[in-house]
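Shown next, in structure tokens, is the structure this report addresses.
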Amino acid sequence: MFKAFKNPTLALIGLAIFGLGINFGFNDYIQLTVLFIMVNCILAMSLNLVNGYTGQFSLGHAGFMAIGSYFTAYSSTHWNIFPANLQFISAFLFIVGGGLLAAIAGFIVGLPSLRLKGDYLAIVTLGFGEIIRVALLNMDFLGGPRGYANIPSLGSFLSSYLFASLWILICLFTIWRVMQSSYGRGFLSVREDEIAAESMGVDTTKMKVRAFVMSSFFAGIAGSLFAHFTSFINPSSFTYLQSINAVIMVVLGGMGSLSGSIVAAIFITAFPEILRPLQELTHVDLRMVIYSLTLILMMILRPKGIFGELEITDVWRKYVRRSA
Amino acid sequence: MKNLFLSLILTLPLLAGCTKNNNEIAIGEFDSMTGSDATFGLSSNKGVRLAIDEINAAGGVKGKKLALTAMDDQGKNEEAVSAVTRLVTQTKVVAIIGGVASGRSKASAPVAQSHQIPFVSPASTNPDVTKVGDYVFRICFIDPFQGLVMAKFASENMKMKKVAILRDVKNDYSVGLADVFAQEFKKRGGEIVSDLSYQAGDIDFKAQLTQIRSKNPDTLYIPGYYTEVGLIAQQARQLGIKVPLMGGDGWDSEKLSEIGKEAINGNYFSNHYTTESTDPAVSDFIKKFKAKYNETPDALAALGYDAAKILAAAIERAPNLSGPAIRDEIAKTKDFGGVTGKITLNANRDAVKSAVVIQVDGKNRKFITTISP
Amino acid sequence: MQDFVQHLINGISLGSIYALIALGYTMVYGILKMINFAHSDVYMVGAFASYYVARWLGIDSNPSIGTLIILLLTSMFFCSLLGLLIERLAYRPLRNSPKLNILITAIGVSLFLEYGGQVVFGADPKVFPDVMKDFVLFSGAGIELTSFDITVLIVSILAMFALDFLIYKTKLGKAMRAVSSNPSVASLMGVNPDRIISFTFIVGSALAGVGSVLVGMKYPKIDPLMGMMIGLKAFVAAVLGGIGSISGAVLGALIMGLSEEMVVAYLSSTYRDALAFGILIVILIFKPAGILGKYSVEKV
């Protein structure tokens, strides 16, 4: 059964079938929620690379997301290089462009700041994220606080969904494969013991910067998709609270567990939506209160996150199979 | 397990909100009821609720009661999109009231437009909001008009030559007003000696004010919200800036004078209505609002109230409850006697009404002049 | 020139506000090595506690020294109580968990207080009671100096010395330092780490209480999210000065306040926060443990 998870084509087909089900079985609201979940999945996985696997603490991912978003917004409204029936190629290219631009920003941010450790690194990345946001507030050609409207969507729900699935799989398998390679071992060694890694000949700064650049690339992709799905963005979508939200997803899912990130992203995105009817009963919005309480309880009751360091397949093998 | 979890999540919201009552007309509202803009969203919500309660007490619309579903967007665009999508597809509302902030209206109005559900915004002043489509309306004046009002007032009535602007870069409303003001004021031969900014949520403005003081302007134009303006006024007076300050309808709140104390007195702002008005609609509204919530309504509450009233009147006139029918009736709104003035919707679905200039005097709001479009 | 002096005064007065909050962050960090994200929200609760108590006692528009003392005590009491509760219920079960978990819990507590506050107190801003009359100490030649500017600075410097005294000169402080360097060895020496940590939270939160009254006095607008921005800035200031260092927090806060002020005065008001963060980043790149922080080389 879990072969599908290891084979990209099979996984894509599986996701596509799931998407078809959602397309015909559910209304726009559920579909939209599914799309937001997918964006958050990519964001959480990308941050997991830095926070979970490499053990560096970044609080600036909203900034990279913003860069991807704004690039996609600008390019897809200004540059018409393909005829209408080939729009999906340009959409794909612009999303990649958004990711690359975010990666460049990641490099510029990462190179000087990754020499710092722990909380200091967190603060510096937070600072960069805020700098990006303030800069966006003051760029008139990107709308400033008025935001950027009329970003073309990716067509129907199904095509948006397939686009997002494609990127989820690219993100998942890239990170997965990288983690199996010598680079990945390098990342892990940085997390486990920097000094030991260094004495074994691992260039720790280089490793950190690599992880950071890759991670910001995917954060940029998540931002690009986000721009297409909401069709309107403004800088207030990318405050440091958004970065914190991403960190929450990573820790909740389990540091260094990709499937954990996905499950946590689903939970964090869907939970407030599930609680929406509550407001109709109480007339005050208690969603965030319940959400924060759940967060605290989760941390106390399950300190290693939902899956810890394991993947969903390991969990299956360890608990479900054994009992069967 | 993953699929089980997923399907659980996906079906839960479906189960909720399925109860429908045939004797009710569902109306949706979304606004920021938590988060950093919450005070504005809540205010608007209070106005809307007051109007709906009043309408229901008077027998409802088409013999049916209006059922309001209010959703919170936490001040986030994506939440606003989710909320409106939910209202349209799950709650199946016939119309939506919502969006104090233009940004969130711009993000969510396309959803209403594509489902052909009328969308009436009480206070989204950015001109682009109603350009989303023919189902999107607003009942407030747009940024260019309000900026123009104060520019005209400053140069013609007050004969001012040099103005300093202090804008809130976090709010598109403030930036919009400031831009138009600067443009109009220069056109009238005035000079903008300084154009500085702050961000909503700041508490210290002395750096900007010291800078402005050295330029000796005749007035400061501060098109922000009362939450910051009260503090700005206080700090300006502490620094010895004695010239009057000017602003927009974001100033209108009882809290302005509580926060600003005596420092806020004698300053001017443009607004939708004056509490000194002899119009029974206004005094009636203020009385009812005070009775229900024990506080004086601000501009956003008044706009929320009017939005709900206009919508209800349109639903009453419409032949049926379909989106297009209601839309057509809203578009026909003419000389509606609301709290915020006589409201007529033009071809761009924007409200055309005159603005008043108000002077703050303790708890009182002194009427100075009316400026028509 | 006169503008420069005015900017200097403004910057120092803003910096001393940050310092008051930063001290609480740095204190908890020094002992527990954790960022207490909820600190700024404890500060918010302190402000609301004094608001409600003042109204209940009917002294909300009765500026006098008595009012100041009553409100200071109220706010310190409620903040300490809240700090103690948070430590007991949320942080203690996680004492031995990884750092990030504790951080997320702290964020959770912070969100809980912010959003719970919006439900309980209402989201609209409230006006802080008139505690004392602000009077002008010096006015003329384009320079304005008021009593509040000085008060806040003096209080934060006094608090700095008091904390220094507490930590380096008392037996309790010795125990705190022992827990900070190694809790298990400390407990072998007869120090109860739990009790010391609770005490740290009480002191840190009481500082937030003092801060809330003084800030409320100077900027009389309080709302449930008031801690967010000032907390972030104060925290950044604490890191800048070298988190864990008491005098570093005050120094960092003053630098933060002055740099924000000078950025607006001589560079650009729109990029105020961006440039303030930029300065922070530059300093941290050259001094990776903050200005007064000790950079400990890890030994193998």
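For the structure tokens, the naming scheme is as follows: chains receive sequential letters (A, B, ...) according to their order of presentation, residues are indexed from 1 within each chain, and ligands are indexed from 1 in presentation order.
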
| said: as a ChimeraX atom specification, please: the residues near Tyr226 (chain B) (cut-off 10 Å, only C-alpha atoms, same-chain neighbours under 6 positions excluded). | reply: /B:232,247-257,259-260 /C:125

| said: Quick check: residues of chain A within 7 Å of chain B, only C-alpha atoms, returned as a count of residues only. | reply: 17

| task | Would you mind reading off the distance between CA of Val48 (chain B) and CA of Tyr52 (chain C), one decimal, in Å? | result |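 Going from CA of Val48 (chain B) over to CA of Tyr52 (chain C) covers 28.9 Å.
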
Rows by chain and residue number, chain C within 7 Å of chain A, shortest pair, only C-alpha atoms, as CSV:
```
residue,atom,partner,partner_atom,distance
C:Ala90,CA,A:Ile296,CA,7.0
C:Pro93,CA,A:Ile300,CA,6.3
C:Leu94,CA,A:Ile300,CA,6.2
C:Ser97,CA,A:Pro303,CA,6.8
C:Asn101,CA,A:Met299,CA,6.3
C:Ile104,CA,A:Ile248,CA,6.4
C:Thr105,CA,A:Ile296,CA,5.1
C:Gly108,CA,A:Ser292,CA,4.7
C:Val109,CA,A:Ser292,CA,6.8
C:Leu111,CA,A:Ser292,CA,5.9
C:Phe112,CA,A:Val289,CA,5.2
C:Tyr115,CA,A:Val289,CA,5.7
C:Gly116,CA,A:Val289,CA,5.8
C:Val119,CA,A:Val284,CA,6.9
C:Val236,CA,A:Ile123,CA,6.8
C:Val239,CA,A:Tyr120,CA,6.9
C:Tyr271,CA,A:Val134,CA,6.6
C:Ala274,CA,A:Ile131,CA,4.4
C:Phe277,CA,A:Gly127,CA,5.3
C:Ile281,CA,A:Val124,CA,5.8
C:Ile285,CA,A:Ser113,CA,6.6
C:Pro288,CA,A:Leu116,CA,5.9
```

| said: Which residue is closest to Gln180 (chain A)? Choose from A:Ile37, A:Phe107, A:Tyr53, A:Phe217 and count only C-alpha atoms. | reply: A:Tyr53

| chain C contacts to chain B at 9 Å (only C-alpha atoms) as JSON, numbers by chain | {"C": [3, 6, 7, 10, 11, 14, 114, 115, 118, 119, 122, 123, 124, 125, 126, 127, 128, 136, 139, 142, 143, 144, 145, 146, 219, 220, 221, 224, 225, 226, 228, 229, 230, 260, 261, 262, 263, 264, 265, 266, 268, 269, 270, 271, 272]}

| request: Name all residues at most 10 Å from Asn216 (chain B) (count only C-alpha atoms; drop same-chain ones fewer than 2 positions away) and give them as a list of chain:residue names. | output: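 Near Asn216 (chain B), the qualifying residues are B:Lys162, B:Val163, B:Ala164, B:Val193, B:Ser194, B:Gln211, B:Ile212, B:Arg213, B:Ser214, B:Asp218, B:Thr219, B:Leu220, B:Ile241, B:Lys242, B:Val243.
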
Need to verify the contact set: Leu136 (chain A), 8 Å, only C-alpha atoms, exclusion of same-chain residues closer than 5 positions in sequence. Can you return it as a PDB file with N, CA and C atoms, in the first residue's frame?
```pdb
ATOM      1  N   LEU A 142       3.748  47.948  -6.568  1.00  0.00           N
ATOM      2  CA  LEU A 142       3.139  46.694  -6.115  1.00  0.00           C
ATOM      3  C   LEU A 142       1.901  46.969  -5.266  1.00  0.00           C
ATOM      4  N   GLY A 144       1.525  48.830  -2.551  1.00  0.00           N
ATOM      5  CA  GLY A 144       1.700  49.254  -1.163  1.00  0.00           C
ATOM      6  C   GLY A 144       0.646  48.611  -0.281  1.00  0.00           C
ATOM      7  N   PRO A 145       0.104  49.365   0.673  1.00  0.00           N
ATOM      8  CA  PRO A 145      -0.898  48.786   1.557  1.00  0.00           C
ATOM      9  C   PRO A 145      -2.201  48.442   0.832  1.00  0.00           C
ATOM     10  N   PRO A 235       0.369  43.278   1.978  1.00  0.00           N
ATOM     11  CA  PRO A 235       1.441  42.911   2.904  1.00  0.00           C
ATOM     12  C   PRO A 235       0.945  42.358   4.225  1.00  0.00           C
TER      13      PRO A 235
END
```

| query | Which is closer to Val178 (chain A) than all the others in A:Gln279, A:Ser215, A:Asn85, A:Ser90, using only C-alpha atoms? | reply | A:Ser215
